[in-house]
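Chemist: Next comes protein_30.csv, CSV, C-alpha atoms:
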chain,number,residue,atom,x,y,z
E,1,MET,CA,25.2,23.3,-3.3
E,2,LYS,CA,23.2,25.5,-0.9
E,3,ASP,CA,20.4,23.8,1.1
E,4,GLU,CA,17.7,25.9,-0.6
E,5,GLN,CA,19.0,24.8,-4.0
E,6,LYS,CA,19.0,21.2,-2.9
E,7,LYS,CA,15.3,21.4,-2.0
E,8,ASN,CA,14.5,22.3,-5.6
E,9,VAL,CA,16.3,19.4,-7.2
E,10,LYS,CA,14.0,16.4,-7.9
E,11,ALA,CA,15.9,13.1,-7.8
E,12,ALA,CA,16.0,11.2,-11.1
E,13,SER,CA,13.6,8.3,-10.9
E,14,PRO,CA,12.4,5.6,-13.3
E,15,GLU,CA,8.8,6.3,-14.4
E,16,PRO,CA,7.6,3.1,-16.1
E,17,ASP,CA,4.7,3.3,-18.5
E,18,PHE,CA,3.3,0.1,-17.0
E,19,MET,CA,4.0,-0.9,-13.4
E,20,TRP,CA,5.1,-4.4,-12.3
E,21,GLY,CA,5.4,-3.8,-8.6
E,22,ASP,CA,5.8,-5.4,-5.2
E,23,LEU,CA,4.8,-4.0,-1.8
E,24,LEU,CA,7.5,-4.3,0.8
E,25,HIS,CA,7.4,-3.2,4.4
E,26,PHE,CA,9.8,-1.0,6.2
E,27,GLY,CA,7.2,-0.3,8.9
E,28,VAL,CA,4.7,-2.9,10.2
E,29,ASN,CA,2.8,-1.1,13.0
E,30,ILE,CA,-0.4,-1.4,11.0
E,31,GLN,CA,-2.5,-3.8,12.9
E,32,CYS,CA,-3.5,-4.2,16.6
E,33,ASP,CA,-2.1,-2.6,19.7
E,34,ILE,CA,-2.8,-5.5,22.0
E,35,PRO,CA,0.2,-7.8,22.5
E,36,VAL,CA,-0.5,-11.1,20.8
E,37,GLU,CA,2.2,-13.6,20.6
E,38,LYS,CA,0.4,-15.9,18.1
E,39,TRP,CA,-2.3,-14.7,15.8
E,40,GLY,CA,-2.0,-17.7,13.5
E,41,LYS,CA,0.3,-19.3,11.0
E,42,TYR,CA,1.1,-18.5,7.4
E,43,LYS,CA,2.6,-21.5,5.6
E,44,GLY,CA,3.9,-22.9,8.8
E,45,GLU,CA,5.4,-19.7,10.2
E,46,ASP,CA,4.2,-17.9,13.4
E,47,ILE,CA,3.6,-14.6,11.7
E,48,LYS,CA,3.3,-12.3,14.8
E,49,LEU,CA,2.4,-9.6,12.2
E,50,MET,CA,-0.6,-8.2,14.0
E,51,THR,CA,1.0,-6.6,17.0
E,52,ALA,CA,2.5,-3.1,17.1
E,53,ALA,CA,6.0,-2.9,18.7
E,54,ASP,CA,8.3,-0.2,20.1
E,55,HIS,CA,11.1,-1.1,17.6
E,56,VAL,CA,11.6,-1.4,13.9
E,57,ARG,CA,11.2,-5.0,12.5
E,58,PHE,CA,13.1,-4.9,9.2
E,59,ASP,CA,16.2,-6.5,7.7
E,60,GLU,CA,18.1,-4.3,5.2
E,61,GLY,CA,20.0,-7.3,3.8
E,62,VAL,CA,16.7,-9.1,2.9
E,63,PHE,CA,15.3,-5.9,1.4
E,64,ASP,CA,18.4,-5.4,-0.8
E,65,ARG,CA,18.4,-9.0,-2.0
E,66,LEU,CA,14.7,-8.9,-2.8
E,67,THR,CA,14.9,-5.6,-4.7
E,68,ASP,CA,17.9,-7.0,-6.6
E,69,ARG,CA,15.8,-9.9,-7.6
E,70,MET,CA,12.9,-7.7,-8.7
E,71,ALA,CA,15.2,-5.6,-10.8
E,72,ALA,CA,17.0,-8.5,-12.4
E,73,ARG,CA,13.8,-10.2,-13.4
E,74,GLY,CA,12.2,-7.1,-15.0
E,75,MET,CA,10.0,-5.6,-12.3
E,76,ASN,CA,10.1,-1.8,-12.1
E,77,THR,CA,8.1,-0.6,-9.1
E,78,ILE,CA,8.3,-0.9,-5.4
E,79,VAL,CA,5.7,0.4,-3.0
E,80,ILE,CA,7.2,1.0,0.4
E,81,ASP,CA,5.1,0.8,3.6
E,82,LEU,CA,6.8,3.4,5.8
E,83,GLU,CA,4.8,3.8,9.0
E,84,GLU,CA,7.0,3.8,12.1
E,85,ALA,CA,10.2,3.1,10.2
E,86,LEU,CA,10.8,6.6,8.9
E,87,LEU,CA,11.6,9.6,11.0
E,88,TYR,CA,9.2,12.4,10.2
E,89,PRO,CA,11.0,15.7,10.8
E,90,SER,CA,7.7,17.4,11.7
E,91,HIS,CA,6.8,14.7,14.3
E,92,PRO,CA,9.8,12.9,15.7
E,93,GLU,CA,7.6,11.6,18.4
E,94,LEU,CA,6.3,9.0,16.0
E,95,ALA,CA,9.7,7.3,15.9
E,96,VAL,CA,10.5,4.0,17.6
E,97,LYS,CA,13.8,2.2,18.3
E,98,GLY,CA,15.6,1.8,15.1
E,99,THR,CA,13.6,4.3,13.0
E,100,TRP,CA,15.6,5.5,10.0
E,101,GLY,CA,16.6,9.1,9.5
E,102,VAL,CA,15.6,10.9,6.3
E,103,GLU,CA,19.1,11.1,4.9
E,104,ARG,CA,19.8,7.4,5.4
E,105,PHE,CA,16.4,6.6,3.8
E,106,ARG,CA,17.1,8.9,0.8
E,107,ARG,CA,20.3,7.0,0.2
E,108,LYS,CA,18.3,3.8,0.0
E,109,LEU,CA,15.9,5.4,-2.4
E,110,ALA,CA,18.8,6.4,-4.6
E,111,ASP,CA,20.0,2.8,-4.6
E,112,LEU,CA,16.5,1.6,-5.7
E,113,ARG,CA,16.3,4.2,-8.5
E,114,ALA,CA,19.8,3.1,-9.7
E,115,LYS,CA,18.5,-0.5,-9.9
E,116,GLY,CA,15.7,0.7,-12.2
E,117,LEU,CA,12.9,0.6,-9.6
E,118,GLU,CA,10.5,3.5,-9.0
E,119,PRO,CA,9.9,3.8,-5.3
E,120,ILE,CA,6.4,4.8,-4.2
E,121,PRO,CA,5.6,5.7,-0.6
E,122,LYS,CA,2.7,4.2,1.4
E,123,LEU,CA,1.2,5.4,4.7
E,124,ASN,CA,-2.0,3.7,5.7
E,125,PHE,CA,-4.6,6.1,7.1
E,126,SER,CA,-7.3,3.6,7.7
E,127,THR,CA,-8.2,3.6,11.4
E,128,THR,CA,-7.7,-0.2,11.4
E,129,HIS,CA,-4.1,0.3,10.2
E,130,ASP,CA,-2.9,3.6,11.8
E,131,ILE,CA,-1.4,2.4,15.1
E,132,TRP,CA,1.9,3.9,13.8
E,133,LEU,CA,0.3,7.3,14.5
E,134,LYS,CA,0.6,6.5,18.3
E,135,GLU,CA,-1.6,8.9,20.3
E,136,TYR,CA,-2.9,10.6,17.2
E,137,HIS,CA,-4.6,7.4,16.3
E,138,LEU,CA,-7.0,8.2,19.2
E,139,MET,CA,-7.5,11.7,17.8
E,140,VAL,CA,-9.0,10.8,14.5
E,141,SER,CA,-11.1,13.6,12.8
E,142,THR,CA,-9.9,16.3,15.2
E,143,PRO,CA,-8.0,19.4,14.2
E,144,GLU,CA,-4.8,17.9,15.8
E,145,TYR,CA,-5.2,14.8,13.7
E,146,TYR,CA,-5.6,16.7,10.5
E,147,ARG,CA,-2.5,18.8,11.3
E,148,VAL,CA,-0.4,15.7,11.9
E,149,VAL,CA,-1.6,14.0,8.8
E,150,SER,CA,-0.8,17.0,6.7
E,151,ASP,CA,2.6,17.3,8.2
E,152,VAL,CA,3.7,13.7,7.7
E,153,ILE,CA,2.4,13.7,4.1
E,154,ALA,CA,4.5,16.7,3.4
E,155,ASP,CA,7.5,15.0,5.0
E,156,VAL,CA,7.1,11.9,2.9
E,157,VAL,CA,6.7,13.9,-0.3
E,158,SER,CA,9.9,15.7,0.4
E,159,ALA,CA,11.8,12.6,1.3
E,160,PHE,CA,10.8,11.0,-2.0
E,161,ASP,CA,11.5,14.1,-4.0
E,162,THR,CA,7.9,14.4,-5.0
E,163,PRO,CA,7.0,10.9,-6.2
E,164,ARG,CA,4.4,10.3,-8.9
E,165,TYR,CA,2.1,8.4,-6.5
E,166,PHE,CA,1.4,8.2,-2.8
E,167,HIS,CA,-0.5,5.2,-1.5
E,168,ILE,CA,-2.8,6.2,1.3
E,169,GLY,CA,-4.2,2.8,2.2
E,170,PHE,CA,-7.8,3.1,3.5
E,171,ASP,CA,-8.6,-0.6,3.6
E,172,GLU,CA,-10.5,-2.7,6.1
E,173,GLU,CA,-12.0,0.2,8.2
E,174,THR,CA,-14.7,-2.0,9.7
E,175,PHE,CA,-15.6,-3.1,13.3
E,176,GLY,CA,-14.9,-6.7,12.3
E,177,HIS,CA,-11.3,-5.8,11.4
E,178,MET,CA,-10.7,-4.0,14.7
E,179,ARG,CA,-11.6,-6.9,17.0
E,180,LYS,CA,-7.9,-7.1,18.1
E,181,HIS,CA,-7.7,-3.4,18.9
E,182,SER,CA,-8.0,-2.0,22.4
E,183,ILE,CA,-10.4,0.6,21.0
E,184,ALA,CA,-12.4,0.5,17.8
E,185,ILE,CA,-12.5,3.7,15.8
E,186,VAL,CA,-14.5,3.4,12.5
E,187,ARG,CA,-15.5,6.4,10.4
E,188,GLN,CA,-18.8,6.1,8.6
E,189,GLY,CA,-20.9,8.1,6.2
E,190,GLU,CA,-20.0,11.7,5.6
E,191,LEU,CA,-17.1,11.6,8.1
E,192,TRP,CA,-15.3,8.8,6.2
E,193,TRP,CA,-15.6,10.8,3.0
E,194,HIS,CA,-14.5,14.0,4.6
E,195,ASP,CA,-11.3,12.5,6.0
E,196,PHE,CA,-10.6,10.5,2.8
E,197,LEU,CA,-11.0,13.5,0.6
E,198,PHE,CA,-9.0,15.7,3.0
E,199,ILE,CA,-6.1,13.3,2.7
E,200,VAL,CA,-6.4,13.0,-1.1
E,201,LYS,CA,-6.3,16.8,-1.3
E,202,GLU,CA,-3.2,17.0,1.0
E,203,VAL,CA,-1.4,14.6,-1.4
E,204,GLU,CA,-2.6,16.3,-4.6
E,205,ARG,CA,-1.8,19.8,-3.6
E,206,ARG,CA,1.8,18.7,-3.4
E,207,GLY,CA,1.8,17.6,-7.0
E,208,VAL,CA,1.4,13.9,-6.3
E,209,ARG,CA,-1.4,11.5,-7.4
E,210,ALA,CA,-3.2,9.7,-4.5
E,211,TRP,CA,-3.5,5.9,-4.7
E,212,CYS,CA,-5.8,3.8,-2.5
E,213,TRP,CA,-7.2,0.4,-1.7
E,214,SER,CA,-10.7,0.1,-3.2
E,215,ASP,CA,-12.4,-1.7,-0.3
E,216,LYS,CA,-15.2,0.9,0.0
E,217,ILE,CA,-16.7,-0.3,-3.3
E,218,TRP,CA,-17.4,-3.7,-1.8
E,219,HIS,CA,-19.8,-2.3,0.9
E,220,ALA,CA,-21.1,0.9,-0.8
E,221,LYS,CA,-20.8,0.4,-4.5
E,222,ASP,CA,-23.2,3.1,-5.8
E,223,GLU,CA,-21.9,5.7,-3.3
E,224,PHE,CA,-18.3,4.8,-4.1
E,225,LEU,CA,-18.8,5.2,-7.9
E,226,ARG,CA,-20.6,8.5,-7.4
E,227,ARG,CA,-18.2,10.1,-5.0
E,228,MET,CA,-14.8,8.7,-5.6
E,229,PRO,CA,-12.6,11.2,-7.6
E,230,LYS,CA,-11.3,9.8,-10.9
E,231,SER,CA,-8.0,11.3,-10.0
E,232,VAL,CA,-7.4,8.6,-7.3
E,233,LEU,CA,-5.6,5.6,-8.6
E,234,GLN,CA,-7.5,2.4,-7.5
E,235,SER,CA,-6.2,-0.9,-6.3
E,236,ASN,CA,-8.9,-3.4,-5.8
E,237,TRP,CA,-7.4,-6.5,-4.3
E,238,TYR,CA,-8.4,-10.1,-4.2
E,239,TYR,CA,-6.2,-13.0,-3.2
E,240,GLY,CA,-8.4,-16.0,-4.0
E,241,GLY,CA,-8.4,-18.3,-7.0
E,242,ASP,CA,-12.1,-18.1,-8.2
E,243,PHE,CA,-12.6,-15.1,-10.5
E,244,THR,CA,-16.2,-16.1,-11.4
E,245,LEU,CA,-18.3,-13.0,-11.9
E,246,GLY,CA,-21.8,-12.4,-10.6
E,247,LEU,CA,-21.6,-14.8,-7.6
E,248,PRO,CA,-24.3,-14.3,-4.9
E,249,LEU,CA,-23.4,-11.5,-2.5
E,250,LYS,CA,-22.9,-12.3,1.2
E,251,GLY,CA,-23.7,-10.3,4.3
E,252,ARG,CA,-23.7,-6.5,3.7
E,253,ARG,CA,-21.7,-6.7,0.5
E,254,GLN,CA,-22.8,-4.7,-2.5
E,255,CYS,CA,-20.0,-5.9,-4.8
E,256,ASN,CA,-17.8,-9.0,-4.9
E,257,PHE,CA,-14.1,-8.8,-5.2
E,258,PRO,CA,-13.7,-9.8,-8.9
E,259,ASP,CA,-16.8,-7.9,-9.9
E,260,ALA,CA,-15.3,-4.7,-8.4
E,261,TYR,CA,-12.6,-4.7,-11.1
E,262,VAL,CA,-15.3,-4.7,-13.7
E,263,ALA,CA,-17.3,-2.0,-11.9
E,264,LEU,CA,-14.3,0.2,-11.7
E,265,GLU,CA,-13.5,-0.3,-15.4
E,266,LYS,CA,-17.1,0.5,-16.5
E,267,ALA,CA,-17.0,3.7,-14.4
E,268,GLY,CA,-13.7,4.8,-16.0
E,269,PHE,CA,-11.2,4.5,-13.1
E,270,ASP,CA,-7.5,3.9,-13.6
E,271,GLN,CA,-6.5,0.7,-11.9
E,272,VAL,CA,-3.6,-1.3,-10.5
E,273,PRO,CA,-5.0,-4.7,-9.6
E,274,THR,CA,-3.4,-6.3,-6.6
E,275,GLY,CA,-2.8,-10.0,-6.0
E,276,SER,CA,-0.9,-12.0,-3.4
E,277,ASN,CA,0.5,-15.4,-2.5
E,278,TRP,CA,-1.2,-14.9,0.9
E,279,SER,CA,-4.0,-17.4,0.1
E,280,CYS,CA,-2.8,-19.3,-2.9
E,281,ASP,CA,0.1,-19.5,-5.3
E,282,ASP,CA,-1.8,-19.1,-8.5
E,283,ASN,CA,-3.6,-15.8,-7.6
E,284,MET,CA,-1.1,-13.5,-9.3
E,285,ALA,CA,-1.4,-15.3,-12.6
E,286,ALA,CA,-5.2,-15.4,-12.3
E,287,THR,CA,-5.3,-11.7,-11.4
E,288,VAL,CA,-3.2,-10.7,-14.4
E,289,ALA,CA,-5.2,-12.9,-16.8
E,290,PHE,CA,-8.6,-11.6,-15.5
E,291,ALA,CA,-7.5,-7.9,-15.8
E,292,LYS,CA,-6.2,-8.4,-19.3
E,293,GLU,CA,-9.6,-9.6,-20.3
E,294,HIS,CA,-11.8,-7.1,-18.4
E,295,ILE,CA,-9.8,-3.8,-18.0
E,296,SER,CA,-9.1,-1.5,-20.9
E,297,PRO,CA,-5.4,-1.0,-21.6
E,298,ALA,CA,-5.9,2.7,-21.4
E,299,ARG,CA,-6.9,2.4,-17.7
E,300,LEU,CA,-4.8,-0.5,-16.7
E,301,LYS,CA,-1.7,1.1,-15.2
E,302,GLY,CA,0.1,-2.0,-13.9
E,303,PHE,CA,-0.1,-4.7,-11.3
E,304,LEU,CA,1.0,-4.9,-7.7
E,305,ALA,CA,1.8,-7.9,-5.5
E,306,ALA,CA,1.2,-7.7,-1.7
E,307,PRO,CA,2.7,-10.7,0.2
E,308,TRP,CA,1.9,-9.2,3.6
E,309,VAL,CA,4.8,-10.6,5.6
E,310,LYS,CA,7.6,-8.7,7.1
E,311,THR,CA,10.9,-8.0,5.4
E,312,LEU,CA,12.7,-10.5,7.6
E,313,PRO,CA,14.9,-13.6,6.9
E,314,GLN,CA,12.2,-16.1,8.0
E,315,PHE,CA,9.9,-14.8,5.2
E,316,GLU,CA,12.5,-14.3,2.5
E,317,THR,CA,11.6,-17.4,0.6
E,318,LEU,CA,7.9,-16.4,0.5
E,319,HIS,CA,8.9,-13.0,-0.8
E,320,GLU,CA,11.1,-14.6,-3.5
E,321,GLU,CA,8.2,-16.8,-4.5
E,322,GLN,CA,5.9,-13.8,-4.8
E,323,ILE,CA,8.4,-12.0,-7.0
E,324,ASP,CA,8.8,-15.0,-9.2
E,325,GLN,CA,5.0,-15.3,-9.5
E,326,VAL,CA,4.8,-11.7,-10.7
E,327,VAL,CA,7.5,-12.3,-13.2
E,328,ALA,CA,5.8,-15.4,-14.6
E,329,ALA,CA,2.5,-13.5,-14.9
E,330,LYS,CA,4.3,-10.6,-16.6
E,331,LYS,CA,5.7,-13.0,-19.3
E,332,SER,CA,2.3,-14.4,-19.9
E,333,PHE,CA,0.7,-10.9,-20.1
E,334,GLU,CA,3.3,-9.8,-22.6
E,335,GLY,CA,3.0,-13.0,-24.6
E,336,LYS,CA,6.5,-14.3,-24.0
Turn this file's structure into structure tokens for me.
Modeler:
Amino acid sequence: MKDEQKKNVKAASPEPDFMWGDLLHFGVNIQCDIPVEKWGKYKGEDIKLMTAADHVRFDEGVFDRLTDRMAARGMNTIVIDLEEALLYPSHPELAVKGTWGVERFRRKLADLRAKGLEPIPKLNFSTTHDIWLKEYHLMVSTPEYYRVVSDVIADVVSAFDTPRYFHIGFDEETFGHMRKHSIAIVRQGELWWHDFLFIVKEVERRGVRAWCWSDKIWHAKDEFLRRMPKSVLQSNWYYGGDFTLGLPLKGRRQCNFPDAYVALEKAGFDQVPTGSNWSCDDNMAATVAFAKEHISPARLKGFLAAPWVKTLPQFETLHEEQIDQVVAAKKSFEGK
């Protein structure tokens, strides 16, 4: 087949009516750029998650075993954090040691689809989590930044054969979350909306639906509900165990985590609620039960788990536990 013909062939991919998904990391350069050997512990492990590196930190064997487990237990969606782990043809300078070429990555996507998993790409464009952009991280909101962002979005859409969704991140863009960065860059007001909507447009004009974290609603509820396009799939996230509604707000908050799910539902947004075993092991079950009660089936598009540890052997058990928690919640949701 000629190269031009190949470009016009969309790879067959599962498209589940309801997503039961997990977020796994290929790339992990999404936190600080200051070398920090120990940022803390997660269930006894030195996580070392928060420091950018000049090499890929990913284990293919672990990834394959985890996705086998997901498929065997009835999950159907995988959101892949890409960042520095994929070679972007338009910007090879973003690569690090061990970055995967596009053809190798496409073979892995074909394997995932054969397992019955729909792969969804994720690139985080929050300034708190865009260290993977290297020098362009320091050029936020400049013409060069917009050019690079547009280019890498196009590269990813092509590598995934035009996926249904593209997760663009946009969480935790606050000064507090940037305390471990060598320089703090936080967009506010009109600039935040300009850049967010620019990235949404870049995704949508390529025939893909944008998907984002819903953090903005916590701090600017009325503005969020007024200005956020309904076309953008929302993932509010909450990893605690208390889903009590209407608790007193703290600090500058305008909306608490569980209340955000209800506000998004009342405003008519499609949602994929996100839970995790980061804080407690019963969060996923509680998230699913809460959403079943408070979100219309017409707007509830599925659930996502986000364990937030690397795809490495020392975290494999934690990943397995997360998958099993999703599966248990799925059975309860479906009345099995």
Chemist: How many Å lie between CA of Trp237 in chain E and CA of Thr274 in chain E, rounded to one decimal?
Modeler: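 One can read the CA of Trp237 in chain E to CA of Thr274 in chain E distance as 4.6 Å.
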Chemist: Neighbours of range 60-75 of chain E within 7 Å (only C-alpha atoms; same-chain residues fewer than 4 positions away dropped), as a PyMOL selection string?
Modeler: chain E and resi 20-21+115-117+311-313+316+320+323+327
Chemist: Taking only C-alpha atoms into account, name the residue in E:Phe243, E:Trp132, E:Phe175, E:Phe303 that is nearest to Glu93 in chain E.
Modeler: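 Looking only at the distances to Glu93 in chain E, the closest residue turns out to be E:Trp132.
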Chemist: Which of these residues is nearest to Asp242 in chain E, using only C-alpha atoms: E:Asp54, E:Glu173, E:Asp161, E:Asp259?
Modeler: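 That would be E:Asp259, the residue with the smallest distance to Asp242 in chain E.
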Chemist: Restricting the calculation to all atoms listed in the file, which member of E:His55, E:Leu304, E:Val157, E:Thr127 is positioned closest to Lys330 in chain E?
Modeler: E:Leu304
Chemist: When you count all atoms listed in the file, which of these residues is closest to Trp308 in chain E: E:Trp100, E:Tyr239, E:Phe290, E:Phe105?
Modeler: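 With all atoms listed in the file as the atom set, the closest residue is E:Tyr239.
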Chemist: If you measure from CA of Lys266 in chain E to CA of Asp215 in chain E, what distance in Å do you get, rounded to one decimal?
Modeler: 17.0 Å
Chemist: I need the residue nearest Met19 in chain E from this list: E:Ile78, E:Leu233, E:Val148, E:Leu133. Use all atoms listed in the file for the distance.
Modeler: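 Closest residue, counting all atoms listed in the file: E:Ile78.
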Chemist: Return the single residue from E:Ser126, E:Thr244, E:Ser235, E:Gln271 that is closest to Asp195 in chain E, with distances computed using only C-alpha atoms.
Modeler: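 That would be E:Ser126, the residue with the smallest distance to Asp195 in chain E.
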Chemist: Using Å and a single decimal, report how far CA of His167 in chain E sits from CA of Lys180 in chain E.
Modeler: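 Taking CA of Lys180 in chain E as the start and CA of His167 in chain E as the end point, the length is 24.3 Å.
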Chemist: Would you mind listing, for every residue of range 61-173 of chain E within 12 Å of range 196-208 of chain E, the two atoms forming the shortest contact and the distance between them in Å to one decimal, using all atoms listed in the file, sorted by chain and ascending residue number, as JSON lines?
Modeler:
{"residue": "E:Ile120", "atom": "CA", "partner": "E:Val208", "partner_atom": "CA", "distance": 10.6}
{"residue": "E:Pro121", "atom": "CA", "partner": "E:Val208", "partner_atom": "CA", "distance": 10.8}
{"residue": "E:Lys122", "atom": "CA", "partner": "E:Val203", "partner_atom": "CA", "distance": 11.5}
{"residue": "E:Leu123", "atom": "CA", "partner": "E:Ile199", "partner_atom": "CA", "distance": 10.9}
{"residue": "E:Asn124", "atom": "CA", "partner": "E:Ile199", "partner_atom": "CA", "distance": 10.9}
{"residue": "E:Phe125", "atom": "CA", "partner": "E:Ile199", "partner_atom": "CA", "distance": 8.6}
{"residue": "E:Ser126", "atom": "CA", "partner": "E:Phe196", "partner_atom": "CA", "distance": 9.1}
{"residue": "E:Thr127", "atom": "CA", "partner": "E:Phe196", "partner_atom": "CA", "distance": 11.3}
{"residue": "E:Val140", "atom": "CA", "partner": "E:Phe196", "partner_atom": "CA", "distance": 11.8}
{"residue": "E:Ser141", "atom": "CA", "partner": "E:Phe198", "partner_atom": "CA", "distance": 10.2}
{"residue": "E:Pro143", "atom": "CA", "partner": "E:Phe198", "partner_atom": "CA", "distance": 11.8}
{"residue": "E:Tyr145", "atom": "CA", "partner": "E:Ile199", "partner_atom": "CA", "distance": 11.1}
{"residue": "E:Tyr146", "atom": "CA", "partner": "E:Phe198", "partner_atom": "CA", "distance": 8.3}
{"residue": "E:Arg147", "atom": "CA", "partner": "E:Glu202", "partner_atom": "CA", "distance": 10.5}
{"residue": "E:Val148", "atom": "CA", "partner": "E:Ile199", "partner_atom": "CA", "distance": 11.1}
{"residue": "E:Val149", "atom": "CA", "partner": "E:Ile199", "partner_atom": "CA", "distance": 7.6}
{"residue": "E:Ser150", "atom": "CA", "partner": "E:Glu202", "partner_atom": "CA", "distance": 6.2}
{"residue": "E:Asp151", "atom": "CA", "partner": "E:Glu202", "partner_atom": "CA", "distance": 9.3}
{"residue": "E:Val152", "atom": "CA", "partner": "E:Glu202", "partner_atom": "CA", "distance": 10.2}
{"residue": "E:Ile153", "atom": "CA", "partner": "E:Val203", "partner_atom": "CA", "distance": 6.7}
{"residue": "E:Ala154", "atom": "CA", "partner": "E:Arg206", "partner_atom": "CA", "distance": 7.6}
{"residue": "E:Asp155", "atom": "CA", "partner": "E:Arg206", "partner_atom": "CA", "distance": 10.8}
{"residue": "E:Val156", "atom": "CA", "partner": "E:Val203", "partner_atom": "CA", "distance": 9.9}
{"residue": "E:Val157", "atom": "CA", "partner": "E:Arg206", "partner_atom": "CA", "distance": 7.5}
{"residue": "E:Ser158", "atom": "CA", "partner": "E:Arg206", "partner_atom": "CA", "distance": 9.4}
{"residue": "E:Phe160", "atom": "CA", "partner": "E:Val208", "partner_atom": "CA", "distance": 10.7}
{"residue": "E:Asp161", "atom": "CA", "partner": "E:Val208", "partner_atom": "CA", "distance": 10.4}
{"residue": "E:Thr162", "atom": "CA", "partner": "E:Val208", "partner_atom": "CA", "distance": 6.6}
{"residue": "E:Pro163", "atom": "CA", "partner": "E:Val208", "partner_atom": "CA", "distance": 6.4}
{"residue": "E:Arg164", "atom": "CA", "partner": "E:Val208", "partner_atom": "CA", "distance": 5.4}
{"residue": "E:Tyr165", "atom": "CA", "partner": "E:Val208", "partner_atom": "CA", "distance": 5.5}
{"residue": "E:Phe166", "atom": "CA", "partner": "E:Val208", "partner_atom": "CA", "distance": 6.7}
{"residue": "E:His167", "atom": "CA", "partner": "E:Val203", "partner_atom": "CA", "distance": 9.4}
{"residue": "E:Ile168", "atom": "CA", "partner": "E:Ile199", "partner_atom": "CA", "distance": 8.0}
{"residue": "E:Gly169", "atom": "CA", "partner": "E:Phe196", "partner_atom": "CA", "distance": 10.0}
{"residue": "E:Phe170", "atom": "CA", "partner": "E:Phe196", "partner_atom": "CA", "distance": 7.9}
{"residue": "E:Asp171", "atom": "CA", "partner": "E:Phe196", "partner_atom": "CA", "distance": 11.3}
{"residue": "E:Glu173", "atom": "CA", "partner": "E:Phe196", "partner_atom": "CA", "distance": 11.7}
Chemist: Which residues come within 12 Å of Ala53 in chain E, counting only C-alpha atoms, excluding same-chain residues fewer than 4 positions away, as a VMD selection string?
Modeler: chain E and resid 27 to 37 48 to 49 57 83 to 85 95 to 99 131 to 132 134
